[in-house]
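What follows is a single structure, written as structure tokens, with notes after it.
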Amino acid sequence: MAPSKPRESQYQVLLENFEERGCERLGLMTSESWRNDPKHLVFNLARYKFVAQMFAGREKVLEIGCGDAFGTRIVRQSVRSLTAADFDPLFIKDAAARLSPPWTFDLLVHDLRKGPVPGRYDALYALDVLEHIAPEEELDFLNTLLSSLDDIGVAIIGMPSLESQQYASEQSRIGHVNCKSAPDLKILMEQFFHNVFMFSMNDEVVHTGFHKMAHYLIALCSGKRRAA
């Protein structure tokens, strides 16, 4: 049985927090990752930290494709309000069961193929989503997604690079039907924004290095065009 008191008094708050609220739980996606490939969880959370830093202080933020929304709390820590949406009710139900103050946010089951998310947002992001959208559907998908963004809003789109797919797991490749190289992602997003800034990512490190050696791509976009 664990001791009822820590040897160092500064750790007493740990027991008090546990007695009041218990331990936090991983989500469906993050639990599987932590069990089978623990380091991958670090990579995923680093992407959310990048979004949090870029969107710090934003009033109203939208996440599309939140999955179990485990990393969403990192963004919520930096913004005033946040809505996280996914088309799969399984993930939203899981995320809702784990919400805890002070990092609560709105959760929404929504399929962009049926229309835009209601309301207007000054920032939005989609991590690991676009690669799941068939190429012939990507323009409609992005048009619908970005219709919820204010004209002066900012967007972040993150996805695995095309070059990384030879190293991807079989499970990942099943859903990855539209990976891109950095130049192609930039060209695509420039149809919707005047300004597109490309970042590369290897493991948990975000950088501006040689894109063909990047495992992950991030497009930071501003200056929304009137019509795409």
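Chain labels A, B, ... are given in the sequence in which chains occur in the structure tokens; within each chain residues are numbered consecutively from 1, and ligands are likewise numbered from 1 in the order shown.
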Using only C-alpha atoms, which protein or nucleic acid residues come within 12 Å of Gln77 in chain A? Drop anything in the same chain fewer than 2 positions from it, and give the result as a PyMOL selection string.
chain A and resi 48-49+51-53+55-58+61+71-75+79-82+101-105
Any idea what's packed within 10 Å of Lys186 in chain A, counting only C-alpha atoms, ignoring anything in its chain fewer than 3 positions away? Could you give it as number ranges by chain?
A: 180-183, 189-191, 193, 195-198, 217-221
Output file for the selection above: N, CA and C atoms, as a PDB file, in the first residue's frame:
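Saved to result05.pdb:
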ATOM      1  N   LYS A 180       0.660  14.787 -48.904  1.00  0.00           N
ATOM      2  CA  LYS A 180       1.231  15.725 -49.865  1.00  0.00           C
ATOM      3  C   LYS A 180       2.679  16.054 -49.504  1.00  0.00           C
ATOM      4  N   SER A 181       3.405  16.543 -50.502  1.00  0.00           N
ATOM      5  CA  SER A 181       4.702  17.147 -50.251  1.00  0.00           C
ATOM      6  C   SER A 181       4.459  18.582 -49.792  1.00  0.00           C
ATOM      7  N   ALA A 182       5.460  19.203 -49.202  1.00  0.00           N
ATOM      8  CA  ALA A 182       5.314  20.577 -48.712  1.00  0.00           C
ATOM      9  C   ALA A 182       4.935  21.557 -49.817  1.00  0.00           C
ATOM     10  N   PRO A 183       5.584  21.523 -50.988  1.00  0.00           N
ATOM     11  CA  PRO A 183       5.178  22.463 -52.047  1.00  0.00           C
ATOM     12  C   PRO A 183       3.723  22.291 -52.466  1.00  0.00           C
ATOM     13  N   MET A 189      -3.107  25.454 -50.192  1.00  0.00           N
ATOM     14  CA  MET A 189      -3.594  26.423 -49.217  1.00  0.00           C
ATOM     15  C   MET A 189      -3.541  27.852 -49.747  1.00  0.00           C
ATOM     16  N   GLU A 190      -2.684  28.107 -50.737  1.00  0.00           N
ATOM     17  CA  GLU A 190      -2.642  29.440 -51.340  1.00  0.00           C
ATOM     18  C   GLU A 190      -3.882  29.725 -52.191  1.00  0.00           C
ATOM     19  N   GLN A 191      -4.663  28.718 -52.475  1.00  0.00           N
ATOM     20  CA  GLN A 191      -5.945  28.960 -53.130  1.00  0.00           C
ATOM     21  C   GLN A 191      -6.951  29.601 -52.172  1.00  0.00           C
ATOM     22  N   PHE A 193      -5.718  31.330 -49.059  1.00  0.00           N
ATOM     23  CA  PHE A 193      -5.081  32.359 -48.234  1.00  0.00           C
ATOM     24  C   PHE A 193      -4.015  33.104 -49.029  1.00  0.00           C
ATOM     25  N   ASN A 195      -1.407  34.390 -47.486  1.00  0.00           N
ATOM     26  CA  ASN A 195      -0.147  34.097 -46.798  1.00  0.00           C
ATOM     27  C   ASN A 195      -0.153  32.666 -46.271  1.00  0.00           C
ATOM     28  N   VAL A 196       0.806  31.861 -46.721  1.00  0.00           N
ATOM     29  CA  VAL A 196       0.938  30.489 -46.248  1.00  0.00           C
ATOM     30  C   VAL A 196       2.393  30.265 -45.855  1.00  0.00           C
ATOM     31  N   PHE A 197       2.625  29.983 -44.577  1.00  0.00           N
ATOM     32  CA  PHE A 197       3.971  29.769 -44.054  1.00  0.00           C
ATOM     33  C   PHE A 197       4.130  28.290 -43.725  1.00  0.00           C
ATOM     34  N   MET A 198       5.118  27.652 -44.342  1.00  0.00           N
ATOM     35  CA  MET A 198       5.305  26.214 -44.199  1.00  0.00           C
ATOM     36  C   MET A 198       6.359  25.883 -43.152  1.00  0.00           C
ATOM     37  N   LEU A 217       4.095  17.947 -41.867  1.00  0.00           N
ATOM     38  CA  LEU A 217       4.045  19.288 -42.439  1.00  0.00           C
ATOM     39  C   LEU A 217       2.993  20.123 -41.724  1.00  0.00           C
ATOM     40  N   ILE A 218       3.291  21.395 -41.541  1.00  0.00           N
ATOM     41  CA  ILE A 218       2.341  22.323 -40.937  1.00  0.00           C
ATOM     42  C   ILE A 218       2.266  23.566 -41.810  1.00  0.00           C
ATOM     43  N   ALA A 219       1.053  23.915 -42.211  1.00  0.00           N
ATOM     44  CA  ALA A 219       0.811  25.144 -42.968  1.00  0.00           C
ATOM     45  C   ALA A 219       0.107  26.144 -42.059  1.00  0.00           C
ATOM     46  N   LEU A 220       0.752  27.272 -41.814  1.00  0.00           N
ATOM     47  CA  LEU A 220       0.188  28.364 -41.027  1.00  0.00           C
ATOM     48  C   LEU A 220      -0.311  29.412 -42.015  1.00  0.00           C
ATOM     49  N   CYS A 221      -1.614  29.684 -41.994  1.00  0.00           N
ATOM     50  CA  CYS A 221      -2.242  30.460 -43.064  1.00  0.00           C
ATOM     51  C   CYS A 221      -2.967  31.692 -42.521  1.00  0.00           C
TER      52      CYS A 221
END
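Going from CA of Asn17 in chain A over to CA of Leu41 in chain A, you cover 24.2 Å.
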Among range 118-183 of chain A, which residues does DSSP mark as helix (DSSP H, G or I) when it is run on the backbone? Keep the chain and numbering as in the structure and answer as a ChimeraX atom specification.
/A:130-132,135-146,162-167,170-175,182-183
Give me a file of those residues, with N, CA and C atoms, as a short mmCIF file (atom, residue, chain, number, x, y, z; two decimals), in the first residue's frame.
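As written to disk, part-v1.cif reads:
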data_model
loop_
_atom_site.label_atom_id
_atom_site.label_comp_id
_atom_site.auth_asym_id
_atom_site.auth_seq_id
_atom_site.Cartn_x
_atom_site.Cartn_y
_atom_site.Cartn_z
N LEU A 130 -6.57 16.27 -43.21
CA LEU A 130 -6.62 16.42 -44.66
C LEU A 130 -6.15 15.17 -45.40
N GLU A 131 -5.22 14.42 -44.81
CA GLU A 131 -4.73 13.22 -45.48
C GLU A 131 -5.80 12.13 -45.58
N HIS A 132 -6.89 12.29 -44.81
CA HIS A 132 -8.00 11.34 -44.86
C HIS A 132 -9.08 11.74 -45.87
N PRO A 135 -8.58 13.24 -52.69
CA PRO A 135 -8.15 14.42 -53.45
C PRO A 135 -9.29 15.12 -54.18
N GLU A 136 -10.22 14.36 -54.72
CA GLU A 136 -11.32 14.98 -55.47
C GLU A 136 -12.32 15.71 -54.56
N GLU A 137 -12.20 15.50 -53.25
CA GLU A 137 -13.11 16.14 -52.30
C GLU A 137 -12.44 17.25 -51.49
N GLU A 138 -11.12 17.45 -51.65
CA GLU A 138 -10.41 18.35 -50.76
C GLU A 138 -10.82 19.81 -50.91
N LEU A 139 -11.12 20.26 -52.11
CA LEU A 139 -11.50 21.66 -52.30
C LEU A 139 -12.85 21.94 -51.63
N ASP A 140 -13.81 21.05 -51.80
CA ASP A 140 -15.10 21.22 -51.13
C ASP A 140 -14.93 21.16 -49.62
N PHE A 141 -14.10 20.24 -49.16
CA PHE A 141 -13.85 20.12 -47.72
C PHE A 141 -13.27 21.41 -47.15
N LEU A 142 -12.24 21.94 -47.79
CA LEU A 142 -11.60 23.15 -47.29
C LEU A 142 -12.51 24.37 -47.42
N ASN A 143 -13.26 24.46 -48.50
CA ASN A 143 -14.22 25.56 -48.63
C ASN A 143 -15.23 25.54 -47.49
N THR A 144 -15.74 24.37 -47.16
CA THR A 144 -16.71 24.26 -46.07
C THR A 144 -16.06 24.56 -44.73
N LEU A 145 -14.89 24.01 -44.52
CA LEU A 145 -14.17 24.25 -43.26
C LEU A 145 -13.91 25.74 -43.06
N LEU A 146 -13.37 26.38 -44.07
CA LEU A 146 -12.91 27.76 -43.93
C LEU A 146 -14.04 28.77 -43.98
N LEU A 162 4.12 13.38 -47.72
CA LEU A 162 4.10 12.29 -48.69
C LEU A 162 5.35 11.43 -48.57
N GLU A 163 6.47 12.08 -48.33
CA GLU A 163 7.75 11.36 -48.25
C GLU A 163 7.82 10.41 -47.05
N SER A 164 7.02 10.69 -46.01
CA SER A 164 7.07 9.87 -44.80
C SER A 164 6.33 8.55 -44.94
N GLN A 165 5.52 8.41 -45.96
CA GLN A 165 4.60 7.28 -46.01
C GLN A 165 5.28 5.93 -46.18
N GLN A 166 6.48 5.93 -46.72
CA GLN A 166 7.19 4.64 -46.83
C GLN A 166 7.58 4.10 -45.45
N TYR A 167 7.55 4.96 -44.43
CA TYR A 167 7.88 4.54 -43.07
C TYR A 167 6.65 4.40 -42.18
N GLU A 170 1.17 0.13 -41.17
CA GLU A 170 0.08 -0.34 -42.02
C GLU A 170 -1.24 0.27 -41.57
N GLN A 171 -1.43 0.39 -40.27
CA GLN A 171 -2.66 0.98 -39.74
C GLN A 171 -2.83 2.42 -40.22
N SER A 172 -1.74 3.18 -40.22
CA SER A 172 -1.81 4.57 -40.67
C SER A 172 -2.10 4.67 -42.16
N ARG A 173 -1.44 3.85 -42.94
CA ARG A 173 -1.58 3.94 -44.40
C ARG A 173 -3.00 3.65 -44.88
N ILE A 174 -3.75 2.86 -44.10
CA ILE A 174 -5.12 2.54 -44.51
C ILE A 174 -5.94 3.81 -44.69
N GLY A 175 -5.76 4.77 -43.77
CA GLY A 175 -6.57 5.99 -43.84
C GLY A 175 -5.92 7.14 -44.57
N ALA A 182 5.46 19.20 -49.20
CA ALA A 182 5.31 20.58 -48.71
C ALA A 182 4.94 21.56 -49.82
N PRO A 183 5.58 21.52 -50.99
CA PRO A 183 5.18 22.46 -52.05
C PRO A 183 3.72 22.29 -52.47
#
So that I can check the surroundings of range 63-68 of chain A, please list as an NGL selection string every protein, DNA and RNA residue that reaches within 7 Å of it, counting only C-alpha atoms and ignoring chain neighbours fewer than 5 positions away.
:A and (27-29 or 83-86 or 91-92 or 94-95 or 124-126 or 129)
Could you please take those selected residues and save C-alpha atoms as a CSV table (one decimal), in the first residue's frame?
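Resulting contents of selection04.csv:
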chain,number,residue,atom,x,y,z
A,27,GLY,CA,-8.5,8.9,-24.4
A,28,LEU,CA,-9.2,6.1,-26.8
A,29,MET,CA,-6.5,7.1,-29.3
A,83,THR,CA,-14.9,24.2,-29.9
A,84,ALA,CA,-13.6,20.7,-30.8
A,85,ALA,CA,-15.5,18.8,-33.5
A,86,ASP,CA,-15.3,15.3,-35.0
A,91,PHE,CA,-14.6,10.0,-30.0
A,92,ILE,CA,-16.8,12.9,-28.9
A,94,ASP,CA,-15.1,9.6,-25.0
A,95,ALA,CA,-13.8,13.2,-24.9
A,124,LEU,CA,-9.2,27.1,-36.6
A,125,TYR,CA,-6.9,24.1,-37.0
A,126,ALA,CA,-7.1,20.6,-38.3
A,129,VAL,CA,-7.3,15.4,-41.1
Taking the DSSP secondary structure from the backbone, can you list the residues of range 140-221 of chain A that are strand (DSSP E or B), as a PyMOL selection string?
chain A and resi 149-161+180+193-202+205-207+216-221
